[in-house]
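Peer 1: Dropping in entry_6.txt, which is compact mmCIF, C-alpha atoms and all ligand atoms:
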# COMPACT_ATOMS: atom_id res chain seq x y z
CA MET A 7 -111.67 94.58 -25.15
CA ALA A 8 -109.12 96.43 -27.29
CA THR A 9 -105.55 95.31 -26.75
CA SER A 10 -103.25 98.24 -26.25
CA THR A 11 -100.12 98.22 -28.36
CA ALA A 12 -96.66 97.98 -26.85
CA PRO A 13 -94.98 101.39 -26.72
CA LYS A 14 -92.59 101.75 -29.66
CA SER A 15 -90.09 103.60 -27.49
CA LEU A 16 -89.52 100.43 -25.48
CA LEU A 17 -88.82 98.38 -28.56
CA ARG A 18 -85.66 100.38 -29.26
CA PRO A 19 -82.50 99.76 -27.24
CA MET A 20 -81.72 102.24 -24.49
CA THR A 21 -78.87 104.43 -25.70
CA PHE A 22 -77.22 107.46 -24.14
CA PRO A 23 -73.71 108.90 -24.07
CA ARG A 24 -71.23 108.14 -21.32
CA LYS A 25 -70.86 111.24 -19.20
CA LEU A 26 -68.34 112.27 -16.61
CA LEU A 27 -70.51 113.34 -13.69
CA LEU A 28 -68.72 116.29 -12.08
CA GLY A 29 -71.84 117.86 -10.57
CA PRO A 30 -72.92 117.60 -6.91
CA GLY A 31 -73.99 113.97 -7.39
CA PRO A 32 -74.39 111.31 -8.44
CA SER A 33 -70.74 110.65 -9.22
CA ASN A 34 -69.81 107.91 -11.69
CA MET A 35 -69.93 104.38 -10.39
CA SER A 36 -66.53 102.77 -10.06
CA PRO A 37 -66.18 99.71 -12.35
CA ARG A 38 -66.03 97.37 -9.35
CA VAL A 39 -69.31 98.78 -8.07
CA ALA A 40 -70.92 98.39 -11.50
CA ALA A 41 -69.77 94.75 -11.55
CA ALA A 42 -71.24 94.22 -8.07
CA CYS A 43 -74.62 95.55 -9.30
CA ALA A 44 -74.64 92.86 -11.98
CA LEU A 45 -74.25 89.94 -9.54
CA PRO A 46 -77.17 87.49 -9.41
CA LEU A 47 -79.92 88.28 -6.95
CA LEU A 48 -80.13 86.47 -3.64
CA GLY A 49 -83.27 86.28 -1.50
CA HIS A 50 -83.44 89.10 1.02
CA MET A 51 -83.46 86.65 3.95
CA HIS A 52 -80.85 84.21 2.59
CA PRO A 53 -77.85 83.65 4.87
CA GLU A 54 -75.43 84.90 2.21
CA PHE A 55 -77.37 88.14 1.92
CA VAL A 56 -77.65 88.52 5.68
CA GLN A 57 -73.87 88.27 5.80
CA ILE A 58 -73.60 91.02 3.18
CA MET A 59 -75.89 93.19 5.32
CA ASP A 60 -73.64 92.56 8.34
CA GLU A 61 -70.58 93.56 6.32
CA VAL A 62 -72.34 96.70 5.08
CA LYS A 63 -73.11 97.57 8.70
CA GLU A 64 -69.43 97.18 9.66
CA GLY A 65 -68.41 99.34 6.71
CA ILE A 66 -70.82 102.08 7.77
CA GLN A 67 -69.51 101.96 11.34
CA TYR A 68 -66.03 102.45 9.88
CA ILE A 69 -66.83 105.41 7.61
CA PHE A 70 -68.93 107.04 10.36
CA GLN A 71 -66.26 106.24 13.00
CA THR A 72 -68.87 104.86 15.37
CA ASN A 73 -69.50 101.80 17.50
CA ASN A 74 -73.29 102.33 17.50
CA SER A 75 -75.10 99.04 17.12
CA LEU A 76 -78.11 100.75 15.52
CA THR A 77 -76.31 101.29 12.22
CA LEU A 78 -77.79 100.25 8.87
CA ALA A 79 -78.69 101.38 5.36
CA ILE A 80 -82.12 102.84 4.63
CA SER A 81 -83.69 101.55 1.41
CA GLY A 82 -83.99 104.80 -0.48
CA THR A 83 -81.93 107.85 -1.36
CA GLY A 84 -80.60 110.52 1.01
CA HIS A 85 -84.05 112.05 1.38
CA ALA A 86 -85.33 108.73 2.78
CA ALA A 87 -82.57 108.83 5.40
CA MET A 88 -83.59 112.42 6.25
CA GLU A 89 -87.20 111.29 6.62
CA ALA A 90 -86.09 108.32 8.75
CA ALA A 91 -84.19 110.64 11.09
CA CYS A 92 -87.19 112.97 11.36
CA CYS A 93 -90.01 110.52 11.77
CA ASN A 94 -88.26 108.31 14.31
CA LEU A 95 -86.62 110.96 16.44
CA LEU A 96 -89.31 113.62 16.52
CA GLU A 97 -92.72 113.49 18.15
CA PRO A 98 -95.45 116.10 17.75
CA GLY A 99 -94.60 119.17 19.81
CA ASP A 100 -90.87 118.41 20.12
CA VAL A 101 -88.82 121.54 19.63
CA ILE A 102 -86.11 121.14 17.00
CA LEU A 103 -83.51 123.77 16.18
CA VAL A 104 -82.47 123.68 12.54
CA ALA A 105 -79.25 125.42 11.51
CA TRP A 106 -80.18 126.60 8.03
CA ASN A 107 -77.42 127.76 5.68
CA GLY A 108 -78.74 126.29 2.46
CA THR A 109 -81.20 123.88 0.90
CA TRP A 110 -80.66 121.00 3.32
CA GLY A 111 -81.60 122.93 6.45
CA GLU A 112 -84.63 124.19 4.58
CA ARG A 113 -85.72 120.68 3.58
CA PHE A 114 -85.06 119.21 7.03
CA SER A 115 -87.24 121.97 8.55
CA ASP A 116 -90.03 121.05 6.16
CA MET A 117 -89.81 117.37 7.06
CA ALA A 118 -89.66 118.09 10.80
CA ALA A 119 -92.77 120.29 10.53
CA ARG A 120 -94.60 117.54 8.64
CA ASN A 121 -93.86 115.28 11.62
CA GLY A 122 -95.54 117.78 13.94
CA ALA A 123 -92.34 119.18 15.46
CA ASP A 124 -92.11 122.76 16.67
CA VAL A 125 -89.40 123.98 14.28
CA ARG A 126 -87.09 126.84 15.30
CA ILE A 127 -84.54 128.12 12.86
CA VAL A 128 -81.15 129.73 13.15
CA LYS A 129 -80.28 131.05 9.72
CA LYS A 130 -77.14 132.21 7.94
CA PRO A 131 -76.58 132.92 4.26
CA ALA A 132 -75.39 130.11 2.01
CA GLY A 133 -71.60 130.03 1.97
CA SER A 134 -71.23 130.63 5.73
CA VAL A 135 -71.05 128.20 8.66
CA PHE A 136 -72.12 128.23 12.32
CA SER A 137 -69.82 128.53 15.33
CA PRO A 138 -70.48 126.51 18.51
CA GLN A 139 -71.18 129.87 20.24
CA GLU A 140 -73.90 130.72 17.71
CA ILE A 141 -75.49 127.31 18.15
CA GLU A 142 -75.26 127.55 21.94
CA LYS A 143 -76.95 130.97 21.90
CA ALA A 144 -79.82 129.62 19.78
CA VAL A 145 -80.11 126.47 21.92
CA THR A 146 -80.32 128.63 25.06
CA GLU A 147 -83.03 130.73 23.44
CA HIS A 148 -85.18 127.91 22.06
CA GLY A 149 -84.51 124.96 24.41
CA PRO A 150 -84.76 122.27 21.68
CA ARG A 151 -84.72 118.51 22.18
CA VAL A 152 -82.94 118.07 18.85
CA VAL A 153 -80.44 120.17 16.89
CA TYR A 154 -79.84 119.70 13.15
CA LEU A 155 -76.67 120.67 11.25
CA THR A 156 -75.50 120.01 7.67
CA HIS A 157 -71.88 118.83 7.56
CA GLY A 158 -71.44 119.18 3.79
CA GLU A 159 -73.85 121.82 2.44
CA SER A 160 -73.86 120.91 -1.24
CA SER A 161 -75.93 123.98 -2.22
CA GLY A 162 -73.58 126.54 -0.63
CA GLY A 163 -70.40 124.45 -0.71
CA THR A 164 -69.61 124.71 3.00
CA LEU A 165 -67.98 122.23 5.35
CA GLN A 166 -69.54 122.81 8.76
CA PRO A 167 -66.99 122.39 11.60
CA LEU A 168 -68.61 119.96 14.05
CA ASP A 169 -66.02 119.61 16.76
CA GLY A 170 -67.55 121.16 19.90
CA MET A 171 -71.17 120.99 18.67
CA GLY A 172 -71.80 117.69 20.47
CA VAL A 173 -70.51 119.19 23.71
CA VAL A 174 -72.94 122.10 23.37
CA CYS A 175 -75.84 119.71 22.73
CA ARG A 176 -74.90 117.47 25.69
CA ARG A 177 -74.66 120.49 27.99
CA HIS A 178 -78.23 121.47 27.09
CA GLY A 179 -79.66 117.94 27.04
CA CYS A 180 -80.45 117.82 23.33
CA LEU A 181 -79.60 115.39 20.56
CA LEU A 182 -77.46 116.28 17.54
CA VAL A 183 -78.53 115.22 14.02
CA VAL A 184 -76.04 115.68 11.18
CA ASP A 185 -76.49 115.39 7.41
CA ALA A 186 -73.30 114.06 5.83
CA VAL A 187 -74.77 113.03 2.46
CA ALA A 188 -72.32 115.15 0.49
CA SER A 189 -69.32 114.88 2.78
CA ILE A 190 -68.82 111.38 4.16
CA GLY A 191 -65.48 109.95 3.03
CA GLY A 192 -64.53 113.33 1.58
CA ALA A 193 -63.76 115.17 4.82
CA PRO A 194 -62.96 114.12 8.40
CA LEU A 195 -65.95 113.16 10.53
CA TYR A 196 -65.93 111.25 13.82
CA MET A 197 -69.46 110.39 14.90
CA ASP A 198 -68.66 109.09 18.40
CA LYS A 199 -65.78 111.43 19.22
CA TRP A 200 -67.79 114.48 18.15
CA GLY A 201 -70.93 113.41 20.02
CA ILE A 202 -73.26 113.10 17.02
CA ASP A 203 -76.51 111.25 17.83
CA VAL A 204 -77.94 110.67 14.37
CA LEU A 205 -75.82 110.68 11.23
CA TYR A 206 -76.81 109.76 7.70
CA THR A 207 -75.34 109.82 4.22
CA GLY A 208 -76.05 108.68 0.67
CA ALA A 209 -74.43 106.14 -1.62
CA GLN A 210 -74.03 108.09 -4.85
CA LYS A 211 -71.40 110.62 -3.84
CA VAL A 212 -68.01 109.62 -2.38
CA LEU A 213 -69.02 105.95 -2.27
CA SER A 214 -69.52 106.05 -6.07
CA CYS A 215 -72.54 103.74 -5.89
CA PRO A 216 -75.95 104.04 -7.50
CA PRO A 217 -78.40 106.05 -5.38
CA GLY A 218 -80.83 103.93 -3.38
CA ALA A 219 -79.23 102.72 -0.12
CA SER A 220 -78.45 105.35 2.51
CA PRO A 221 -76.32 104.66 5.59
CA ILE A 222 -77.66 105.90 8.93
CA SER A 223 -76.65 105.45 12.56
CA PHE A 224 -78.24 106.27 15.95
CA SER A 225 -76.44 106.73 19.29
CA ALA A 226 -77.63 105.08 22.51
CA ALA A 227 -79.14 108.43 23.58
CA ALA A 228 -81.10 108.64 20.31
CA GLU A 229 -82.25 105.06 20.84
CA SER A 230 -83.52 105.96 24.33
CA LYS A 231 -85.53 108.87 22.96
CA MET A 232 -87.06 106.60 20.31
CA ALA A 233 -87.81 103.88 22.90
CA ALA A 234 -89.76 106.44 24.98
CA ARG A 235 -92.04 107.47 22.08
CA ARG A 236 -95.70 107.82 22.97
CA LYS A 237 -96.78 106.79 19.47
CA LYS A 238 -95.22 104.80 16.65
CA PRO A 239 -93.58 106.79 13.86
CA VAL A 240 -96.08 107.56 11.10
CA SER A 241 -93.99 105.71 8.51
CA PHE A 242 -94.06 101.92 8.64
CA TYR A 243 -91.39 101.64 5.93
CA LEU A 244 -88.91 103.83 7.84
CA ASP A 245 -89.75 102.62 11.38
CA MET A 246 -86.39 102.11 13.08
CA GLY A 247 -87.88 99.46 15.39
CA TRP A 248 -88.65 97.27 12.40
CA LEU A 249 -85.44 98.19 10.58
CA ALA A 250 -83.29 97.48 13.65
CA ASN A 251 -84.72 93.97 13.69
CA TYR A 252 -84.35 93.47 9.93
CA TRP A 253 -80.72 94.54 10.13
CA GLY A 254 -79.95 92.30 13.11
CA CYS A 255 -79.40 95.23 15.49
CA ASP A 256 -81.82 94.14 18.25
CA GLY A 257 -80.54 90.64 19.03
CA GLN A 258 -83.89 89.08 17.94
CA PRO A 259 -84.39 86.69 15.00
CA ARG A 260 -84.76 88.72 11.80
CA ARG A 261 -88.31 89.15 10.50
CA TYR A 262 -89.33 90.17 7.01
CA HIS A 263 -90.01 93.90 6.92
CA HIS A 264 -89.51 94.83 3.27
CA THR A 265 -87.54 93.42 0.35
CA ALA A 266 -84.15 95.07 0.58
CA PRO A 267 -82.82 96.63 -2.66
CA ILE A 268 -80.50 93.66 -3.08
CA SER A 269 -78.34 95.02 -5.92
CA ASN A 270 -77.98 98.42 -4.25
CA LEU A 271 -76.66 96.68 -1.16
CA TYR A 272 -74.15 94.65 -3.21
CA ALA A 273 -73.03 97.97 -4.65
CA LEU A 274 -72.81 99.61 -1.24
CA ARG A 275 -70.80 96.65 0.09
CA GLU A 276 -68.33 97.14 -2.79
CA GLY A 277 -68.19 100.93 -2.42
CA LEU A 278 -67.46 100.54 1.30
CA ALA A 279 -64.82 97.88 0.55
CA ILE A 280 -63.05 100.21 -1.92
CA LEU A 281 -63.03 102.97 0.69
CA ALA A 282 -61.76 100.57 3.35
CA GLU A 283 -58.94 99.42 1.06
CA GLU A 284 -57.86 103.00 0.41
CA GLY A 285 -58.25 103.90 4.08
CA LEU A 286 -60.54 106.62 5.37
CA GLU A 287 -57.78 109.12 6.12
CA ASP A 288 -56.13 108.66 2.72
CA CYS A 289 -59.52 109.14 1.08
CA TRP A 290 -60.04 112.40 3.03
CA ARG A 291 -56.56 113.51 1.93
CA ARG A 292 -57.18 112.66 -1.75
CA HIS A 293 -60.38 114.72 -1.75
CA ARG A 294 -58.62 117.63 -0.05
CA ARG A 295 -55.74 117.55 -2.56
CA CYS A 296 -58.08 117.45 -5.58
CA ALA A 297 -60.20 120.27 -4.17
CA GLU A 298 -57.10 122.43 -3.60
CA LEU A 299 -55.91 121.77 -7.14
CA LEU A 300 -59.35 122.73 -8.44
CA HIS A 301 -59.58 125.87 -6.29
CA ALA A 302 -56.14 127.07 -7.38
CA GLY A 303 -57.00 126.39 -11.04
CA LEU A 304 -60.28 128.29 -10.81
CA GLU A 305 -58.57 131.27 -9.16
CA ASP A 306 -55.84 131.21 -11.81
CA MET A 307 -58.61 131.60 -14.38
CA GLY A 308 -59.73 134.76 -12.57
CA LEU A 309 -62.86 133.15 -11.11
CA THR A 310 -64.11 133.71 -7.55
CA LEU A 311 -64.95 130.86 -5.22
CA PHE A 312 -68.33 131.22 -3.51
CA VAL A 313 -67.00 130.28 -0.05
CA ASP A 314 -64.43 132.84 1.12
CA ARG A 315 -62.63 131.01 3.90
CA PRO A 316 -60.55 128.06 2.60
CA GLU A 317 -61.11 126.10 5.84
CA HIS A 318 -64.89 126.28 5.33
CA ARG A 319 -64.80 124.94 1.77
CA LEU A 320 -66.36 121.55 1.21
CA PRO A 321 -63.78 119.41 -0.62
CA THR A 322 -66.41 117.40 -2.48
CA VAL A 323 -68.59 120.18 -3.97
CA THR A 324 -67.20 123.56 -5.02
CA PRO A 325 -69.46 126.44 -6.01
CA VAL A 326 -67.72 129.06 -8.14
CA ARG A 327 -69.28 132.39 -9.10
CA VAL A 328 -70.50 132.86 -12.66
CA PRO A 329 -68.74 135.98 -14.04
CA THR A 330 -70.98 138.93 -14.94
CA GLY A 331 -72.32 138.79 -18.45
CA ILE A 332 -71.95 135.01 -18.72
CA ASP A 333 -74.93 132.68 -18.90
CA TRP A 334 -74.10 129.71 -16.64
CA LYS A 335 -76.37 127.40 -18.58
CA GLU A 336 -74.73 128.13 -21.90
CA VAL A 337 -71.31 127.24 -20.48
CA SER A 338 -72.67 124.05 -18.92
CA GLN A 339 -74.25 123.10 -22.21
CA TYR A 340 -70.97 123.78 -24.04
CA VAL A 341 -69.04 121.60 -21.59
CA MET A 342 -71.57 118.79 -21.94
CA LYS A 343 -71.67 119.01 -25.72
CA HIS A 344 -67.92 119.08 -26.28
CA TYR A 345 -66.57 117.13 -23.32
CA LYS A 346 -69.52 115.06 -22.06
CA VAL A 347 -68.78 116.51 -18.63
CA GLU A 348 -71.56 117.49 -16.22
CA LEU A 349 -71.13 120.94 -14.73
CA SER A 350 -74.14 121.91 -12.56
CA GLY A 351 -75.70 125.21 -11.71
CA GLY A 352 -76.55 126.45 -8.22
CA LEU A 353 -79.38 125.31 -5.96
CA GLY A 354 -81.74 127.40 -3.84
CA GLU A 355 -80.00 130.62 -2.87
CA THR A 356 -77.11 129.91 -5.22
CA ALA A 357 -79.29 129.28 -8.31
CA ASN A 358 -78.00 131.26 -11.33
CA GLU A 359 -75.10 132.58 -9.21
CA VAL A 360 -72.65 129.71 -9.37
CA TRP A 361 -71.55 126.57 -11.08
CA ARG A 362 -71.16 123.62 -8.75
CA ILE A 363 -68.29 121.23 -9.39
CA GLY A 364 -68.29 117.84 -7.70
CA LEU A 365 -65.16 115.76 -7.19
CA MET A 366 -66.28 112.68 -5.36
CA GLY A 367 -65.03 109.15 -4.83
CA HIS A 368 -63.99 107.48 -8.06
CA ASN A 369 -64.13 110.86 -9.84
CA ALA A 370 -61.81 112.71 -7.44
CA THR A 371 -58.60 112.57 -9.51
CA PRO A 372 -56.12 115.25 -10.65
CA ASP A 373 -56.80 114.24 -14.29
CA ASN A 374 -60.49 115.03 -13.88
CA VAL A 375 -59.63 118.38 -12.27
CA ARG A 376 -57.45 119.29 -15.27
CA LEU A 377 -60.11 118.17 -17.75
CA LEU A 378 -62.80 120.18 -15.98
CA LEU A 379 -60.65 123.33 -15.84
CA ARG A 380 -59.87 123.08 -19.53
CA ALA A 381 -63.51 122.48 -20.48
CA LEU A 382 -64.77 125.30 -18.27
CA LYS A 383 -62.21 127.79 -19.64
CA GLU A 384 -63.12 126.87 -23.19
CA GLY A 385 -66.84 127.20 -22.40
CA ILE A 386 -66.39 130.64 -20.85
CA ASP A 387 -64.15 131.83 -23.73
CA HIS A 388 -66.77 130.57 -26.18
CA CYS A 389 -69.54 132.55 -24.43
CA ARG A 390 -67.36 135.68 -24.20
CA SER A 391 -66.52 135.53 -27.90
CA LYS A 392 -70.26 135.51 -28.66
CA VAL A 393 -70.92 138.51 -26.37
CA HIS A 394 -68.27 140.74 -27.98
N1 LIG B 401 -78.38 116.17 1.85
C1 LIG B 401 -77.37 116.66 1.12
C2 LIG B 401 -76.32 117.49 1.79
C3 LIG B 401 -77.29 116.40 -0.25
O1 LIG B 401 -76.28 116.90 -0.97
C4 LIG B 401 -78.29 115.59 -0.85
C5 LIG B 401 -78.25 115.25 -2.33
N2 LIG B 401 -77.87 116.27 -3.16
C6 LIG B 401 -79.34 115.11 -0.04
C7 LIG B 401 -79.33 115.40 1.30
C8 LIG B 401 -80.47 114.29 -0.61
O2 LIG B 401 -80.04 113.10 -1.16
P1 LIG B 401 -80.82 112.36 -2.36
O3 LIG B 401 -80.81 113.26 -3.54
O4 LIG B 401 -79.99 111.11 -2.52
O5 LIG B 401 -82.20 112.04 -1.89
Would you encode the structure as structure tokens?
Ligand code: PMP
Peer 2:
Amino acid sequence: MATSTAPKSLLRPMTFPRKLLLGPGPSNMSPRVAAACALPLLGHMHPEFVQIMDEVKEGIQYIFQTNNSLTLAISGTGHAAMEAACCNLLEPGDVILVAWNGTWGERFSDMAARNGADVRIVKKPAGSVFSPQEIEKAVTEHGPRVVYLTHGESSGGTLQPLDGMGVVCRRHGCLLVVDAVASIGGAPLYMDKWGIDVLYTGAQKVLSCPPGASPISFSAAAESKMAARRKKPVSFYLDMGWLANYWGCDGQPRRYHHTAPISNLYALREGLAILAEEGLEDCWRRHRRCAELLHAGLEDMGLTLFVDRPEHRLPTVTPVRVPTGIDWKEVSQYVMKHYKVELSGGLGETANEVWRIGLMGHNATPDNVRLLLRALKEGIDHCRSKVH
């Protein structure tokens, strides 16, 4: 049998430039998080690791502002948390109302349909948000068991007001699912006070961790719906029954379910600790201040923000319109080449229309705002000088 040769590419060291990640995610890891990733592995059932899991759970309860006992981190990125919400909460035939104002409503609809749900949609253009009256009207029309909303729409740059949405859902006997992947820690959110039944986020945005462990929490009402399922969820890996046990949420001795991504959970523990040290409210304020500085700077340059109403702007991700005659990609490439700064394009409806600027966690500093503004201005001037 011929022995295959080792790939030459692997015999060279891995080299790449350091980049400042100011797109919609991931953000740069904070040095403390990077150090946590490098800690020696523990076994996934060792008492020291179990304690780390318990601390991660407490940290998630804090950033979600919830007392829910079914609170843990899904092993996987934000999409895995979305899938976990879908496959555990929904049964074939369940009506779900998805508020769609960008990519995340679109994707959640797709996942819900794959789980056999009867998906109804209430749609608005990217850049706009829903009022409780609009949601109530759609709920009255469709009679869903579950309602989905995106708190931080990273494709359209909106911050969905949630206060009052839980009350609407309660009144009509449905559960409220909220995606806070792009917003947690960057804008106020109170899971229990606002009556949210399922909330999830990711690690690689405000928490400044590597992607791969995604916090999620379920209310008692969501737990009751899951307990009454006729059939098990189709996914074994994301089955909340198993995960509740593995994370010590069901009062039973922990059983092996899967090997937790140990280093990702060290990182998440550190990211949560950094946020706890700063304080949630101070972290919200820092993101708001940086976003305002950025928005003012962009407007001073004569650019137009994609989201009109300041109170609907997501502090963590800002889409800004690409001026006519300018190629967004050329500017992004200029900024990367000369500043090693990531400046992303749009997504879905906003593709080719906007740049998206992320200021999250470790990266949300006034210095980074100033650097980005300077790099962007230079990039646009460079493109203009080529046009004329
Ligand atoms: N929801 C929102 C609002 C997001 O911004 C993202 C990531 N851009 C996701 C879900 C999916 O997360 P991931 O890429 O970590 O799977």
Peer 1: Using only C-alpha atoms and all ligand atoms, which residues have at least one atom no more than 7 Å from ligand LIG 401 (chain B)? Output them as a VMD selection string.
Peer 2: chain A and resid 30 to 31 83 to 86 110 156 158 to 160 185 to 188 208 217
Peer 1: Write out as a ChimeraX atom specification the residues lying within 10 Å of Ala233 (chain A), counting only C-alpha atoms and excluding same-chain residues fewer than 6 positions away.
Peer 2: /A:94-95,227,247
Peer 1: For Glu112 (chain A), which residue out of A:Pro131, A:Pro221, A:Gly303, A:Gly285 is the nearest one, using all atoms listed in the file?
Peer 2: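 Looking at the shortest contact to Glu112 (chain A), the residue is A:Pro131.
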Peer 1: Take the point (-75.6, 92.8, 0.1) in the file's coordinates, draw a sphere of radius 8 Å around it, and report as a list in words every protein, DNA or RNA residue with an atom inside or on it, counting all atoms listed in the file.
Peer 2: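 Protein and nucleic acid residues near the point are Phe55, Val56, Gln57, Ile58, Met59, Val62, Ile268, Ser269, Asn270, Leu271, Tyr272, Ala273, Leu274 and Arg275 of chain A.
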Peer 1: Please tell me which residues are no farther than 6 Å from (-66.8, 101.9, 4.5) in the file, counting only C-alpha atoms, and write them as a ChimeraX atom specification.
Peer 2: /A:65-66,68-69,278-279,281-282
Peer 1: Write out as a PyMOL selection string the residues lying within 12 Å of Phe312 (chain A), counting all atoms listed in the file and excluding same-chain residues fewer than 2 positions away.
Peer 2: chain A and resi 131-134+160-164+301+304-305+309-310+314-316+318-320+323-329+352+355-356+359-363
Peer 1: Restricting the calculation to only C-alpha atoms: of A:Cys92, A:Val101, A:Val174, A:Val184, which residue gets closest to Glu142 (chain A)?
Peer 2: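 Closest to Glu142 (chain A), using only C-alpha atoms: A:Val174.
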